[in-house]
>>> print(open('run-v1.txt').read())   # compact mmCIF, C-alpha atoms
# COMPACT_ATOMS: atom_id res chain seq x y z
CA MET A 19 0.00 0.00 0.00
CA ASN A 20 1.15 3.54 -0.65
CA ASP A 21 0.96 6.31 1.96
CA LYS A 22 -2.42 7.58 0.74
CA GLN A 23 -3.98 4.13 0.96
CA ILE A 24 -2.53 3.62 4.45
CA VAL A 25 -3.89 6.86 5.96
CA GLU A 26 -7.27 6.44 4.27
CA LYS A 27 -7.50 2.90 5.69
CA ILE A 28 -6.87 4.34 9.16
CA VAL A 29 -9.80 6.75 8.68
CA ARG A 30 -12.05 3.90 7.46
CA ASP A 31 -10.97 1.69 10.40
CA ILE A 32 -11.83 4.45 12.89
CA ALA A 33 -15.20 5.03 11.18
CA ASN A 34 -15.99 1.31 11.54
CA SER A 35 -14.79 0.99 15.14
CA PHE A 36 -17.15 0.31 18.02
CA SER A 37 -14.86 0.64 21.06
CA GLY A 38 -12.29 2.96 22.53
CA ALA A 39 -9.51 0.48 21.85
CA GLU A 40 -10.46 0.15 18.18
CA SER A 41 -10.91 3.90 17.75
CA THR A 42 -7.48 4.72 19.17
CA LYS A 43 -5.35 1.80 17.93
CA ASN A 44 -3.45 4.05 15.50
CA TRP A 45 -2.96 6.94 17.94
CA THR A 46 0.38 7.89 19.48
CA ALA A 47 0.70 8.11 23.26
CA GLU A 48 0.80 11.92 22.89
CA THR A 49 -2.24 12.31 20.64
CA ILE A 50 -4.26 15.41 21.48
CA TRP A 51 -7.94 14.63 21.14
CA PHE A 52 -10.89 16.98 21.04
CA ASP A 53 -14.29 16.86 19.46
CA ALA A 54 -17.65 18.54 19.84
CA ALA A 55 -17.38 18.26 23.63
CA PRO A 56 -16.08 21.33 25.51
CA TYR A 57 -12.78 19.76 26.55
CA ALA A 58 -9.61 18.26 25.19
CA SER A 59 -7.30 15.56 26.46
CA VAL A 60 -3.83 14.23 25.75
CA GLY A 61 -3.21 10.52 25.29
CA VAL A 62 -5.47 7.61 24.59
CA GLU A 63 -6.75 6.53 28.01
CA LYS A 64 -9.28 9.37 28.47
CA ALA A 65 -10.44 9.02 24.85
CA LYS A 66 -10.91 5.24 25.24
CA LYS A 67 -13.11 5.84 28.29
CA VAL A 68 -15.19 8.51 26.52
CA PHE A 69 -15.59 6.38 23.38
CA ASP A 70 -16.49 3.24 25.34
CA GLU A 71 -19.13 5.17 27.28
CA ALA A 72 -20.63 6.61 24.08
CA PHE A 73 -20.58 3.29 22.22
CA GLY A 74 -22.01 1.58 25.31
CA ASN A 75 -25.20 3.59 24.87
CA LEU A 76 -25.66 2.45 21.27
CA LYS A 77 -27.43 -0.58 19.86
CA SER A 78 -25.92 0.08 16.45
CA CYS A 79 -23.69 2.59 14.68
CA ASN A 80 -23.26 2.50 10.92
CA VAL A 81 -20.91 5.05 9.39
CA THR A 82 -20.77 5.88 5.70
CA ILE A 83 -17.91 8.00 4.40
CA LEU A 84 -19.58 10.27 1.86
CA TYR A 85 -16.43 12.13 0.81
CA MET A 86 -12.74 11.75 1.54
CA ARG A 87 -9.81 13.78 0.29
CA THR A 88 -6.20 13.20 1.31
CA PHE A 89 -3.26 15.57 1.18
CA ILE A 90 0.29 14.33 1.76
CA ASN A 91 3.28 16.61 2.12
CA GLU A 92 6.62 15.01 2.99
CA ASN A 93 5.98 13.30 6.36
CA THR A 94 2.57 14.87 7.11
CA ALA A 95 -0.81 13.59 5.97
CA LEU A 96 -4.15 15.35 6.26
CA VAL A 97 -7.37 13.46 5.58
CA CYS A 98 -10.64 15.37 5.27
CA SER A 99 -13.87 13.39 5.29
CA VAL A 100 -17.59 13.92 5.48
CA GLN A 101 -19.33 11.07 7.26
CA LYS A 102 -22.96 10.06 7.72
CA TRP A 103 -23.63 8.34 11.04
CA ASP A 104 -26.78 6.25 11.43
CA THR A 105 -27.12 5.27 15.07
CA VAL A 106 -29.72 3.64 17.28
CA ASN A 107 -29.55 4.06 21.04
CA LYS A 108 -30.06 1.02 23.26
CA ASP A 109 -33.22 2.68 24.58
CA GLY A 110 -34.61 2.73 21.03
CA GLY A 111 -34.04 6.41 20.36
CA GLU A 112 -32.20 7.57 17.26
CA TRP A 113 -29.84 10.47 16.71
CA LYS A 114 -27.76 11.73 13.82
CA VAL A 115 -24.56 13.72 13.96
CA LEU A 116 -23.27 16.35 11.58
CA HIS A 117 -19.99 17.79 12.75
CA GLU A 118 -17.43 19.91 10.96
CA HIS A 119 -13.95 20.25 12.37
CA THR A 120 -10.99 22.16 11.01
CA SER A 121 -7.43 22.07 12.29
CA ALA A 122 -4.04 22.83 10.81
CA ALA A 123 -0.76 21.08 11.41
CA GLU A 124 1.95 23.14 13.08
CA ASN A 125 4.75 24.17 10.71
CA TRP A 126 2.68 23.38 7.60
CA ASN A 127 4.36 25.03 4.63
CA GLY A 128 1.10 25.55 2.78
CA LYS A 129 1.97 23.28 -0.13
CA ILE A 130 -0.24 20.33 -0.96
CA ASP A 131 0.90 17.42 -3.10
CA GLU A 132 -1.87 15.42 -4.77
>>> encode(input="run-v1.txt", output="structure tokens")
Amino acid sequence: MNDKQIVEKIVRDIANSFSGAESTKNWTAETIWFDAAPYASVGVEKAKKVFDEAFGNLKSCNVTILYMRTFINENTALVCSVQKWDTVNKDGGEWKVLHEHTSAAENWNGKIDE
């Protein structure tokens, strides 16, 4: 596999995960994680706990990647995706998530190789 295929597989694996361990298996020990919640954490242990709690409330979670674009520049990769989440809570309720997140890598030179 080339670099693009590898990083896109990581995104697909995370989208198809259903536990904290699966969601974070490709994270470094120093990964900084934040999402729609009003906090951030460093490392995988807090994220595993949060993910396991969220997944524990779900009967099912099916994720479809509607769009994915990958940019690779030397030793940095950026993957942008739009995902549709179809979930069913264990109590029978349903919810859908639409979330947009933007972040930039430190020291990015602004060039994008496609």
>>> closest_residue(input="run-v1.txt", among="A:Phe36, A:Thr88, A:Ala58, A:Asn93", to="A:Glu71", atoms="all atoms listed in the file")
A:Phe36
>>> residues_around(input="run-v1.txt", residues="A:Asn44", least_positions_apart="2", cutoff="9 Å", atoms="all atoms listed in the file", output="PyMOL selection string")
chain A and resi 28+32+40-42+46
>>> closest_residue(input="run-v1.txt", among="A:Val68, A:Leu76, A:Ala95, A:Ala47", to="A:Gly111", atoms="all atoms listed in the file")
A:Leu76
>>> axis_aligned_box(input="run-v1.txt", around="stretch 57-63 of chain A", padding_each_side="6 Å", output="AutoDock Vina command-line options")
--center_x -8.0 --center_y 13.1 --center_z 26.3 --size_x 21.6 --size_y 25.2 --size_z 15.4
>>> atom_distance(input="run-v1.txt", atom1="atom CA of A:Ser35", atom2="atom CA of A:Val81")
9.3 Å
